[in-house]
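Participant: Have a peek at model08.pdb (PDB, C-alpha atoms, pLDDT in the B column).
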ATOM      1  CA  GLN I   1      -2.818   2.003 -19.649  1.00 96.00           C
ATOM      2  CA  VAL I   2      -1.353   0.195 -16.655  1.00 97.00           C
ATOM      3  CA  LEU I   3      -3.711  -2.403 -15.232  1.00 98.00           C
ATOM      4  CA  LEU I   4      -3.400  -4.966 -12.478  1.00 98.00           C
ATOM      5  CA  VAL I   5      -6.280  -7.431 -12.465  1.00 98.00           C
ATOM      6  CA  GLN I   6      -6.547  -9.892  -9.603  1.00 98.00           C
ATOM      7  CA  SER I   7      -8.236 -13.261  -9.389  1.00 98.00           C
ATOM      8  CA  GLY I   8     -11.625 -13.676  -7.767  1.00 98.00           C
ATOM      9  CA  ALA I   9     -12.738 -14.169  -4.187  1.00 98.00           C
ATOM     10  CA  GLU I  10     -11.881 -17.398  -2.405  1.00 98.00           C
ATOM     11  CA  VAL I  11     -13.339 -19.302   0.542  1.00 98.00           C
ATOM     12  CA  LYS I  12     -10.944 -21.684   2.276  1.00 98.00           C
ATOM     13  CA  LYS I  13     -10.937 -23.886   5.347  1.00 98.00           C
ATOM     14  CA  PRO I  14      -8.384 -23.426   8.131  1.00 97.00           C
ATOM     15  CA  GLY I  15      -5.143 -25.195   7.300  1.00 97.00           C
ATOM     16  CA  ALA I  16      -5.630 -24.911   3.550  1.00 98.00           C
ATOM     17  CA  SER I  17      -3.602 -22.783   1.138  1.00 98.00           C
ATOM     18  CA  VAL I  18      -4.741 -20.097  -1.269  1.00 98.00           C
ATOM     19  CA  LYS I  19      -3.091 -18.674  -4.362  1.00 98.00           C
ATOM     20  CA  VAL I  20      -4.026 -15.216  -5.588  1.00 98.00           C
ATOM     21  CA  SER I  21      -2.962 -14.007  -9.016  1.00 98.00           C
ATOM     22  CA  CYS I  22      -2.318 -10.525 -10.336  1.00 98.00           C
ATOM     23  CA  LYS I  23      -2.277 -10.071 -14.112  1.00 98.00           C
ATOM     24  CA  ALA I  24      -0.244  -7.035 -15.194  1.00 97.00           C
ATOM     25  CA  SER I  25      -0.620  -5.192 -18.491  1.00 97.00           C
ATOM     26  CA  GLY I  26       0.217  -1.851 -20.060  1.00 97.00           C
ATOM     27  CA  TYR I  27       3.884  -1.766 -19.044  1.00 96.00           C
ATOM     28  CA  THR I  28       7.074  -3.837 -19.168  1.00 95.00           C
ATOM     29  CA  PHE I  29       6.478  -6.453 -16.489  1.00 94.00           C
ATOM     30  CA  PHE I  30      10.164  -7.040 -15.729  1.00 92.00           C
ATOM     31  CA  ASP I  31      10.901  -3.430 -14.945  1.00 94.00           C
ATOM     32  CA  TYR I  32       8.820  -3.054 -11.775  1.00 96.00           C
ATOM     33  CA  HIS I  33       8.595  -4.872  -8.474  1.00 96.00           C
ATOM     34  CA  ILE I  34       5.183  -6.214  -7.462  1.00 97.00           C
ATOM     35  CA  HIS I  35       4.192  -5.729  -3.822  1.00 98.00           C
ATOM     36  CA  TRP I  36       1.465  -7.447  -1.842  1.00 98.00           C
ATOM     37  CA  VAL I  37      -0.592  -5.831   0.906  1.00 98.00           C
ATOM     38  CA  ARG I  38      -3.119  -7.371   3.293  1.00 98.00           C
ATOM     39  CA  GLN I  39      -6.127  -5.618   4.768  1.00 98.00           C
ATOM     40  CA  ALA I  40      -8.207  -7.434   7.364  1.00 98.00           C
ATOM     41  CA  PRO I  41     -11.877  -6.407   7.675  1.00 97.00           C
ATOM     42  CA  GLY I  42     -12.133  -2.908   9.119  1.00 96.00           C
ATOM     43  CA  GLN I  43      -8.367  -2.724   9.624  1.00 97.00           C
ATOM     44  CA  GLY I  44      -5.436  -0.908   8.089  1.00 98.00           C
ATOM     45  CA  LEU I  45      -2.948  -1.835   5.394  1.00 98.00           C
ATOM     46  CA  GLU I  46      -0.253  -4.386   6.148  1.00 98.00           C
ATOM     47  CA  TRP I  47       2.747  -4.709   3.844  1.00 97.00           C
ATOM     48  CA  MET I  48       3.539  -8.364   3.118  1.00 97.00           C
ATOM     49  CA  GLY I  49       6.430  -8.405   0.678  1.00 96.00           C
ATOM     50  CA  TRP I  50       7.596  -7.876  -2.844  1.00 97.00           C
ATOM     51  CA  VAL I  51       8.959  -9.782  -5.818  1.00 95.00           C
ATOM     52  CA  ASN I  52      11.361  -8.537  -8.489  1.00 94.00           C
ATOM     53  CA  PRO I  53      10.278 -10.249 -11.725  1.00 93.00           C
ATOM     54  CA  ARG I  54      13.609  -9.472 -13.404  1.00 91.00           C
ATOM     55  CA  THR I  55      15.940 -10.979 -10.815  1.00 91.00           C
ATOM     56  CA  GLY I  56      13.669 -13.298  -8.888  1.00 89.00           C
ATOM     57  CA  ASP I  57      14.522 -11.557  -5.627  1.00 93.00           C
ATOM     58  CA  THR I  58      11.823 -11.586  -2.986  1.00 95.00           C
ATOM     59  CA  LYS I  59      11.427  -9.862   0.344  1.00 95.00           C
ATOM     60  CA  TYR I  60       8.917 -10.764   3.037  1.00 95.00           C
ATOM     61  CA  THR I  61       7.898  -9.104   6.228  1.00 94.00           C
ATOM     62  CA  ARG I  62       8.788 -11.175   9.270  1.00 93.00           C
ATOM     63  CA  SER I  63       5.240 -12.155  10.137  1.00 91.00           C
ATOM     64  CA  PHE I  64       4.720 -13.746   6.724  1.00 91.00           C
ATOM     65  CA  GLN I  65       8.171 -15.238   6.212  1.00 89.00           C
ATOM     66  CA  GLY I  66       7.859 -18.972   5.655  1.00 92.00           C
ATOM     67  CA  ARG I  67       4.086 -18.881   5.246  1.00 95.00           C
ATOM     68  CA  VAL I  68       3.786 -16.808   2.081  1.00 96.00           C
ATOM     69  CA  THR I  69       5.362 -17.496  -1.312  1.00 96.00           C
ATOM     70  CA  LEU I  70       5.593 -14.858  -4.012  1.00 96.00           C
ATOM     71  CA  THR I  71       6.152 -16.046  -7.561  1.00 95.00           C
ATOM     72  CA  TRP I  72       5.608 -14.814 -11.099  1.00 94.00           C
ATOM     73  CA  ASP I  73       5.014 -16.144 -14.573  1.00 91.00           C
ATOM     74  CA  THR I  74       6.947 -14.331 -17.247  1.00 84.00           C
ATOM     75  CA  SER I  75       4.955 -15.615 -20.186  1.00 87.00           C
ATOM     76  CA  SER I  76       1.646 -14.412 -18.778  1.00 90.00           C
ATOM     77  CA  THR I  77       2.989 -11.305 -16.945  1.00 95.00           C
ATOM     78  CA  THR I  78       1.228 -12.521 -13.836  1.00 97.00           C
ATOM     79  CA  ALA I  79       2.388 -12.367 -10.238  1.00 97.00           C
ATOM     80  CA  HIS I  80       1.144 -14.857  -7.677  1.00 97.00           C
ATOM     81  CA  MET I  81       0.900 -14.860  -3.910  1.00 97.00           C
ATOM     82  CA  GLU I  82       0.331 -18.094  -2.052  1.00 98.00           C
ATOM     83  CA  VAL I  83      -0.526 -18.204   1.635  1.00 97.00           C
ATOM     84  CA  HIS I  84      -0.057 -21.563   3.356  1.00 97.00           C
ATOM     85  CA  THR I  85      -1.674 -22.939   6.497  1.00 96.00           C
ATOM     86  CA  LEU I  86      -4.496 -20.419   6.525  1.00 96.00           C
ATOM     87  CA  GLN I  87      -5.974 -19.352   9.840  1.00 95.00           C
ATOM     88  CA  SER I  88      -9.278 -17.604  10.498  1.00 94.00           C
ATOM     89  CA  ASP I  89      -7.479 -14.315  11.135  1.00 94.00           C
ATOM     90  CA  ASP I  90      -6.092 -14.479   7.589  1.00 95.00           C
ATOM     91  CA  THR I  91      -9.539 -13.451   6.358  1.00 98.00           C
ATOM     92  CA  ALA I  92      -8.718 -10.292   4.465  1.00 98.00           C
ATOM     93  CA  VAL I  93      -8.556  -8.484   1.181  1.00 98.00           C
ATOM     94  CA  PHE I  94      -5.191  -8.982  -0.494  1.00 98.00           C
ATOM     95  CA  TYR I  95      -3.903  -6.367  -2.927  1.00 98.00           C
ATOM     96  CA  CYS I  96      -1.101  -6.463  -5.430  1.00 98.00           C
ATOM     97  CA  ALA I  97       0.519  -3.181  -6.403  1.00 98.00           C
ATOM     98  CA  ARG I  98       3.238  -2.025  -8.757  1.00 98.00           C
ATOM     99  CA  GLU I  99       6.249  -0.259  -7.295  1.00 97.00           C
ATOM    100  CA  ASN I 100       7.369   2.849  -9.087  1.00 94.00           C
ATOM    101  CA  PRO I 101      11.024   3.346  -8.092  1.00 91.00           C
ATOM    102  CA  SER I 102      10.769   7.143  -8.543  1.00 85.00           C
ATOM    103  CA  VAL I 103      14.523   7.600  -8.431  1.00 82.00           C
ATOM    104  CA  GLY I 104      15.354  10.795  -6.581  1.00 80.00           C
ATOM    105  CA  ALA I 105      12.114  10.645  -4.598  1.00 85.00           C
ATOM    106  CA  SER I 106      10.910   7.408  -2.972  1.00 92.00           C
ATOM    107  CA  PRO I 107       9.677   4.024  -4.166  1.00 95.00           C
ATOM    108  CA  ASN I 108       5.891   4.058  -4.111  1.00 97.00           C
ATOM    109  CA  LEU I 109       2.896   1.944  -5.103  1.00 98.00           C
ATOM    110  CA  ASP I 110       1.420   3.786  -8.049  1.00 97.00           C
ATOM    111  CA  PHE I 111      -0.990   1.196  -9.459  1.00 98.00           C
ATOM    112  CA  TRP I 112      -3.038  -1.306  -7.487  1.00 98.00           C
ATOM    113  CA  GLY I 113      -5.119  -4.346  -8.253  1.00 98.00           C
ATOM    114  CA  GLN I 114      -8.775  -4.315  -7.301  1.00 98.00           C
ATOM    115  CA  GLY I 115      -8.203  -6.611  -4.340  1.00 98.00           C
ATOM    116  CA  THR I 116      -9.085 -10.255  -3.681  1.00 98.00           C
ATOM    117  CA  LEU I 117     -11.158 -11.229  -0.657  1.00 98.00           C
ATOM    118  CA  VAL I 118     -10.012 -14.446   0.978  1.00 98.00           C
ATOM    119  CA  THR I 119     -12.384 -15.818   3.602  1.00 98.00           C
ATOM    120  CA  VAL I 120     -11.095 -18.499   5.943  1.00 98.00           C
ATOM    121  CA  SER I 121     -13.912 -20.366   7.626  1.00 96.00           C
ATOM    122  CA  SER I 122     -14.641 -23.884   8.754  1.00 94.00           C
TER     123      SER I 122
ATOM    124  CA  ASP T   1      11.369  -2.765  11.563  1.00 95.00           C
ATOM    125  CA  ILE T   2      10.401   0.890  11.231  1.00 97.00           C
ATOM    126  CA  GLN T   3       7.132   1.723  12.975  1.00 98.00           C
ATOM    127  CA  MET T   4       4.867   4.391  11.514  1.00 98.00           C
ATOM    128  CA  THR T   5       2.450   6.211  13.800  1.00 98.00           C
ATOM    129  CA  GLN T   6      -0.315   8.414  12.464  1.00 98.00           C
ATOM    130  CA  SER T   7      -2.361  10.960  14.368  1.00 98.00           C
ATOM    131  CA  PRO T   8      -5.121  11.505  14.910  1.00 97.00           C
ATOM    132  CA  SER T   9      -6.768   8.131  14.313  1.00 98.00           C
ATOM    133  CA  SER T  10      -9.904   9.928  13.225  1.00 97.00           C
ATOM    134  CA  LEU T  11     -10.828  13.491  12.482  1.00 97.00           C
ATOM    135  CA  SER T  12     -14.144  15.246  11.886  1.00 97.00           C
ATOM    136  CA  ALA T  13     -14.097  18.299   9.666  1.00 97.00           C
ATOM    137  CA  SER T  14     -16.347  20.372   7.427  1.00 96.00           C
ATOM    138  CA  ILE T  15     -16.290  21.147   3.733  1.00 97.00           C
ATOM    139  CA  GLY T  16     -13.840  23.973   3.137  1.00 97.00           C
ATOM    140  CA  ASP T  17     -11.778  23.308   6.271  1.00 97.00           C
ATOM    141  CA  ARG T  18      -8.017  23.070   6.243  1.00 98.00           C
ATOM    142  CA  VAL T  19      -6.809  19.874   7.910  1.00 98.00           C
ATOM    143  CA  THR T  20      -3.399  18.484   8.789  1.00 98.00           C
ATOM    144  CA  LEU T  21      -2.634  14.821   9.301  1.00 98.00           C
ATOM    145  CA  THR T  22       0.622  13.717  10.865  1.00 98.00           C
ATOM    146  CA  CYS T  23       2.840  10.671  10.511  1.00 98.00           C
ATOM    147  CA  ARG T  24       5.879   9.853  12.632  1.00 98.00           C
ATOM    148  CA  ALA T  25       8.543   7.258  11.890  1.00 98.00           C
ATOM    149  CA  SER T  26      10.301   5.365  14.684  1.00 98.00           C
ATOM    150  CA  GLN T  27      13.669   6.113  13.049  1.00 98.00           C
ATOM    151  CA  TYR T  28      15.197   8.212  10.294  1.00 98.00           C
ATOM    152  CA  ILE T  29      13.590   7.696   6.857  1.00 97.00           C
ATOM    153  CA  GLY T  30      14.813  10.798   5.030  1.00 96.00           C
ATOM    154  CA  ILE T  31      12.060  11.782   2.602  1.00 96.00           C
ATOM    155  CA  TYR T  32      11.058   8.182   1.822  1.00 97.00           C
ATOM    156  CA  LEU T  33       7.457   8.782   2.801  1.00 98.00           C
ATOM    157  CA  ASN T  34       4.313   8.204   0.747  1.00 98.00           C
ATOM    158  CA  TRP T  35       0.650   9.016   1.356  1.00 98.00           C
ATOM    159  CA  TYR T  36      -2.336   7.034   0.120  1.00 98.00           C
ATOM    160  CA  GLN T  37      -6.059   7.689   0.188  1.00 98.00           C
ATOM    161  CA  GLN T  38      -8.514   4.832   0.525  1.00 98.00           C
ATOM    162  CA  LYS T  39     -12.289   4.940   0.182  1.00 98.00           C
ATOM    163  CA  PRO T  40     -14.535   2.119   1.438  1.00 97.00           C
ATOM    164  CA  GLY T  41     -14.450  -0.960  -0.773  1.00 96.00           C
ATOM    165  CA  ARG T  42     -11.724   0.478  -2.981  1.00 98.00           C
ATOM    166  CA  ALA T  43      -8.011  -0.076  -3.388  1.00 98.00           C
ATOM    167  CA  PRO T  44      -5.714   2.606  -1.973  1.00 98.00           C
ATOM    168  CA  ASN T  45      -4.746   5.442  -4.283  1.00 98.00           C
ATOM    169  CA  LEU T  46      -1.314   7.110  -4.274  1.00 98.00           C
ATOM    170  CA  LEU T  47      -1.511  10.803  -3.427  1.00 98.00           C
ATOM    171  CA  ILE T  48       2.021  11.910  -2.586  1.00 98.00           C
ATOM    172  CA  TYR T  49       5.418  10.242  -2.858  1.00 97.00           C
ATOM    173  CA  GLY T  50       8.835  11.255  -1.634  1.00 96.00           C
ATOM    174  CA  THR T  51       7.230  13.405   1.069  1.00 97.00           C
ATOM    175  CA  TYR T  52       6.049  16.249  -1.163  1.00 95.00           C
ATOM    176  CA  ASN T  53       5.687  15.070  -4.790  1.00 97.00           C
ATOM    177  CA  LEU T  54       2.088  15.110  -5.966  1.00 97.00           C
ATOM    178  CA  GLN T  55       1.076  12.048  -7.981  1.00 97.00           C
ATOM    179  CA  GLY T  56      -0.341  12.906 -11.395  1.00 95.00           C
ATOM    180  CA  GLY T  57      -4.010  13.866 -11.291  1.00 96.00           C
ATOM    181  CA  VAL T  58      -4.033  14.649  -7.566  1.00 97.00           C
ATOM    182  CA  PRO T  59      -5.487  18.099  -6.820  1.00 97.00           C
ATOM    183  CA  SER T  60      -3.124  20.804  -5.640  1.00 97.00           C
ATOM    184  CA  ARG T  61      -5.073  21.249  -2.379  1.00 98.00           C
ATOM    185  CA  PHE T  62      -3.086  18.235  -1.126  1.00 98.00           C
ATOM    186  CA  ARG T  63       0.359  19.099   0.193  1.00 98.00           C
ATOM    187  CA  GLY T  64       2.973  16.959   1.876  1.00 98.00           C
ATOM    188  CA  SER T  65       5.898  18.112   3.971  1.00 98.00           C
ATOM    189  CA  GLY T  66       8.431  16.961   6.537  1.00 96.00           C
ATOM    190  CA  SER T  67      11.673  15.009   6.701  1.00 92.00           C
ATOM    191  CA  GLU T  68      13.657  12.530   8.792  1.00 95.00           C
ATOM    192  CA  THR T  69      10.976  11.288  11.203  1.00 98.00           C
ATOM    193  CA  ASP T  70       8.075  13.775  11.142  1.00 98.00           C
ATOM    194  CA  PHE T  71       5.730  14.300   8.243  1.00 98.00           C
ATOM    195  CA  THR T  72       2.413  15.990   7.503  1.00 98.00           C
ATOM    196  CA  LEU T  73      -0.302  15.843   4.891  1.00 98.00           C
ATOM    197  CA  THR T  74      -2.320  19.044   4.589  1.00 98.00           C
ATOM    198  CA  ILE T  75      -5.553  19.413   2.685  1.00 98.00           C
ATOM    199  CA  SER T  76      -6.113  23.125   2.196  1.00 95.00           C
ATOM    200  CA  SER T  77      -9.866  23.197   1.541  1.00 95.00           C
ATOM    201  CA  LEU T  78     -11.769  19.976   2.099  1.00 97.00           C
ATOM    202  CA  GLN T  79     -14.012  18.783  -0.686  1.00 97.00           C
ATOM    203  CA  PRO T  80     -16.730  16.120  -0.370  1.00 95.00           C
ATOM    204  CA  GLU T  81     -14.591  13.555  -2.196  1.00 96.00           C
ATOM    205  CA  ASP T  82     -11.759  13.953   0.336  1.00 97.00           C
ATOM    206  CA  PHE T  83     -13.577  12.148   3.133  1.00 94.00           C
ATOM    207  CA  ALA T  84     -11.683   8.867   3.280  1.00 98.00           C
ATOM    208  CA  THR T  85      -8.939   7.094   5.221  1.00 98.00           C
ATOM    209  CA  TYR T  86      -5.353   8.239   4.710  1.00 98.00           C
ATOM    210  CA  TYR T  87      -2.275   6.072   5.193  1.00 98.00           C
ATOM    211  CA  CYS T  88       1.374   6.978   5.280  1.00 98.00           C
ATOM    212  CA  GLN T  89       4.017   4.448   4.238  1.00 98.00           C
ATOM    213  CA  GLN T  90       7.776   4.469   4.535  1.00 98.00           C
ATOM    214  CA  SER T  91       9.831   3.015   1.688  1.00 97.00           C
ATOM    215  CA  TYR T  92      13.252   3.744   3.212  1.00 97.00           C
ATOM    216  CA  SER T  93      13.881   0.105   4.127  1.00 95.00           C
ATOM    217  CA  PRO T  94      11.888  -3.123   3.967  1.00 94.00           C
ATOM    218  CA  PRO T  95       9.423  -3.989   5.330  1.00 95.00           C
ATOM    219  CA  HIS T  96       7.749  -0.940   3.811  1.00 97.00           C
ATOM    220  CA  THR T  97       5.445  -0.372   6.740  1.00 98.00           C
ATOM    221  CA  PHE T  98       2.219   1.599   6.736  1.00 98.00           C
ATOM    222  CA  GLY T  99       0.801   3.759   9.464  1.00 98.00           C
ATOM    223  CA  GLN T 100      -2.472   2.649  11.033  1.00 98.00           C
ATOM    224  CA  GLY T 101      -4.446   5.278   9.115  1.00 98.00           C
ATOM    225  CA  THR T 102      -6.395   8.463   9.798  1.00 98.00           C
ATOM    226  CA  LYS T 103     -10.099   8.362   9.035  1.00 98.00           C
ATOM    227  CA  LEU T 104     -11.376  11.748   7.877  1.00 98.00           C
ATOM    228  CA  GLU T 105     -15.104  12.151   8.449  1.00 96.00           C
ATOM    229  CA  ILE T 106     -17.653  14.830   7.712  1.00 91.00           C
ATOM    230  CA  LYS T 107     -18.652  16.923  10.710  1.00 89.00           C
TER     231      LYS T 107
END
Show the structure stored in the file as structure tokens.

Facilitator:
Amino acid sequence: QVLLVQSGAEVKKPGASVKVSCKASGYTFFDYHIHWVRQAPGQGLEWMGWVNPRTGDTKYTRSFQGRVTLTWDTSSTTAHMEVHTLQSDDTAVFYCARENPSVGASPNLDFWGQGTLVTVSS
Amino acid sequence: DIQMTQSPSSLSASIGDRVTLTCRASQYIGIYLNWYQQKPGRAPNLLIYGTYNLQGGVPSRFRGSGSETDFTLTISSLQPEDFATYYCQQSYSPPHTFGQGTKLEIK
């Protein structure tokens, strides 16, 4: 079955970086984009960007452009999201999710990781 | 960027009620609209994609409709497990923005 398993919770100081991983299994890793979504405590879902493991293409939302890097490791079928220059308002749960292209309907996020809590505190 | 606006922000209802949640896009998105359900402490779960296609395993009491800029999610007879927060998302063009959510609570 399709599984996305994320790395564990992190505590970081302001100004530091954090890298969250998302291990995919149960499907052909190259065939599906991986998206990342942020959810601050008590808040809604915020789309961050996606990576295409086959082509290397990435897309970021404007607010994260230049501060977030999405990468992947083919050999381990793992996607990574790195946030640089963390601020206290980056404290959030970060999710990875697989995009199902659903041709003829609409691309959608059909499988999600369990989420990784990143706490930014001095 | 396309803005997604959901209403209401919260809704109280009883078991067995029929409820309708709405989602409006700031510009045309065709039928590129998805709905997710999220329960506290859990990852979101895909309910409906492409406006009206039910994801596998989702009960038939969930129904999506709409097109262009205005969309609805209807739950025909609320069950205890339906009390959660619901998000719409457009996937017409990046960034694939979410609405702010509708929290469905037990009356």

Participant: Find the spatial neighbours of segment 9-22 of chain I, counting all atoms listed in the file, within a cut-off of 8 Å - ignore same-chain residues fewer than 2 positions away - and output them as a PyMOL selection string.

Facilitator: chain I and resi 4-7+24+78-88+96+113+116-122

Participant: Considering all atoms listed in the file, state which residue in the set T:Cys88, T:Ile75, T:Ile48, T:Ile106 is at the smallest distance from Gln3 of chain T.

Facilitator: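 Result for the nearest residue to Gln3 of chain T: T:Cys88.
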
Participant: Only residues of chain I matter here; which ones have an atom within 9 Å of chain T, counting all atoms listed in the file? Give them as a list in words.

Facilitator: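 Output check: Gln43, Gly44, Leu45, Glu46, Trp47, Met48, Gly49, Lys59, Tyr60, Thr61, Arg62, Tyr95, Ser102, Gly104, Ala105, Ser106, Pro107, Asn108, Leu109, Asp110, Phe111, Trp112, Gly113, Gln114 and Gly115 of chain I.
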
Participant: So what does the PyMOL selection byres ((chain T and resi 6-10) around 7) actually pick up in this one, as a list of chain:residue names?

Facilitator: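 On this input, the PyMOL selection byres ((chain T and resi 6-10) around 7) captures T:Met4, T:Thr5, T:Leu11, T:Ser12, T:Leu21, T:Thr22, T:Cys23, T:Arg24, T:Gly99, T:Gln100, T:Gly101, T:Thr102, T:Lys103, T:Leu104.
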
Participant: Could you please determine the separation between atom CA of Ala25 of chain T and atom CA of Thr69 of chain T in Å, to one decimal place?

Facilitator: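 A separation of 4.8 Å between them.
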
Participant: Return the single residue from I:Lys23, I:Val103, I:Phe64, I:Thr74 that is closest to Val37 of chain I, with distances computed using all atoms listed in the file.

Facilitator: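 Going through I:Lys23, I:Val103, I:Phe64, I:Thr74 one by one, the smallest distance to Val37 of chain I is for I:Phe64.
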
Participant: Rank I:Gln65, I:Ser76, I:Thr58, I:Asn100 by their smallest atom-to-atom distance to Tyr32 of chain I, using only C-alpha atoms, and report the top residue only.

Facilitator: I:Asn100

Participant: Which distance in Å separates atom CA of Arg61 of chain T and atom CA of Thr74 of chain T, to one decimal?

Facilitator: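 Computing the Euclidean distance for atom CA of Arg61 of chain T and atom CA of Thr74 of chain T yields 7.8 Å.
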
Participant: Assuming the chain letters and numbering stay as they are in my file, what does the PyMOL selection byres ((chain T and resi 79) around 9) actually select? List them as a PDB file with C-alpha atoms, in the coordinates of the input.

Facilitator:
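Generated output (expr-v7.pdb):
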ATOM      1  CA  SER T  14     -16.347  20.372   7.427  1.00 96.00           C
ATOM      2  CA  ILE T  15     -16.290  21.147   3.733  1.00 97.00           C
ATOM      3  CA  GLY T  16     -13.840  23.973   3.137  1.00 97.00           C
ATOM      4  CA  ASP T  17     -11.778  23.308   6.271  1.00 97.00           C
ATOM      5  CA  SER T  77      -9.866  23.197   1.541  1.00 95.00           C
ATOM      6  CA  LEU T  78     -11.769  19.976   2.099  1.00 97.00           C
ATOM      7  CA  PRO T  80     -16.730  16.120  -0.370  1.00 95.00           C
ATOM      8  CA  GLU T  81     -14.591  13.555  -2.196  1.00 96.00           C
ATOM      9  CA  ASP T  82     -11.759  13.953   0.336  1.00 97.00           C
ATOM     10  CA  PHE T  83     -13.577  12.148   3.133  1.00 94.00           C
TER      11      PHE T  83
END

Participant: Could you list, as a PyMOL selection string, every residue within 10 Å of Tyr27 of chain I, counting only C-alpha atoms and ignoring same-chain residues fewer than 6 positions away?

Facilitator: chain I and resi 1-3+77

Participant: So how far away is atom CA of Ile29 of chain T from atom CA of Asp31 of chain I, in Å?

Facilitator: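 Value for the atom CA of Asp31 of chain I-atom CA of Ile29 of chain T distance: 24.6 Å.
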
Participant: Given all atoms listed in the file as the basis, pick out the residue of I:Val93, I:Phe30, I:Trp50, I:Thr55 nearest to Val68 of chain I.

Facilitator: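 Between I:Val93, I:Phe30, I:Trp50, I:Thr55, the residue approaching Val68 of chain I most closely is I:Trp50.
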
Participant: With 6 Å added on each side, what axis-aligned box encloses every listed atom of segment 69-86 of chain T? Give the centre and edge lengths in Å to one decimal, as JSON.

Facilitator:
{"center_x": -2.9, "center_y": 15.1, "center_z": 4.5, "size_x": 39.7, "size_y": 28.1, "size_z": 25.4}
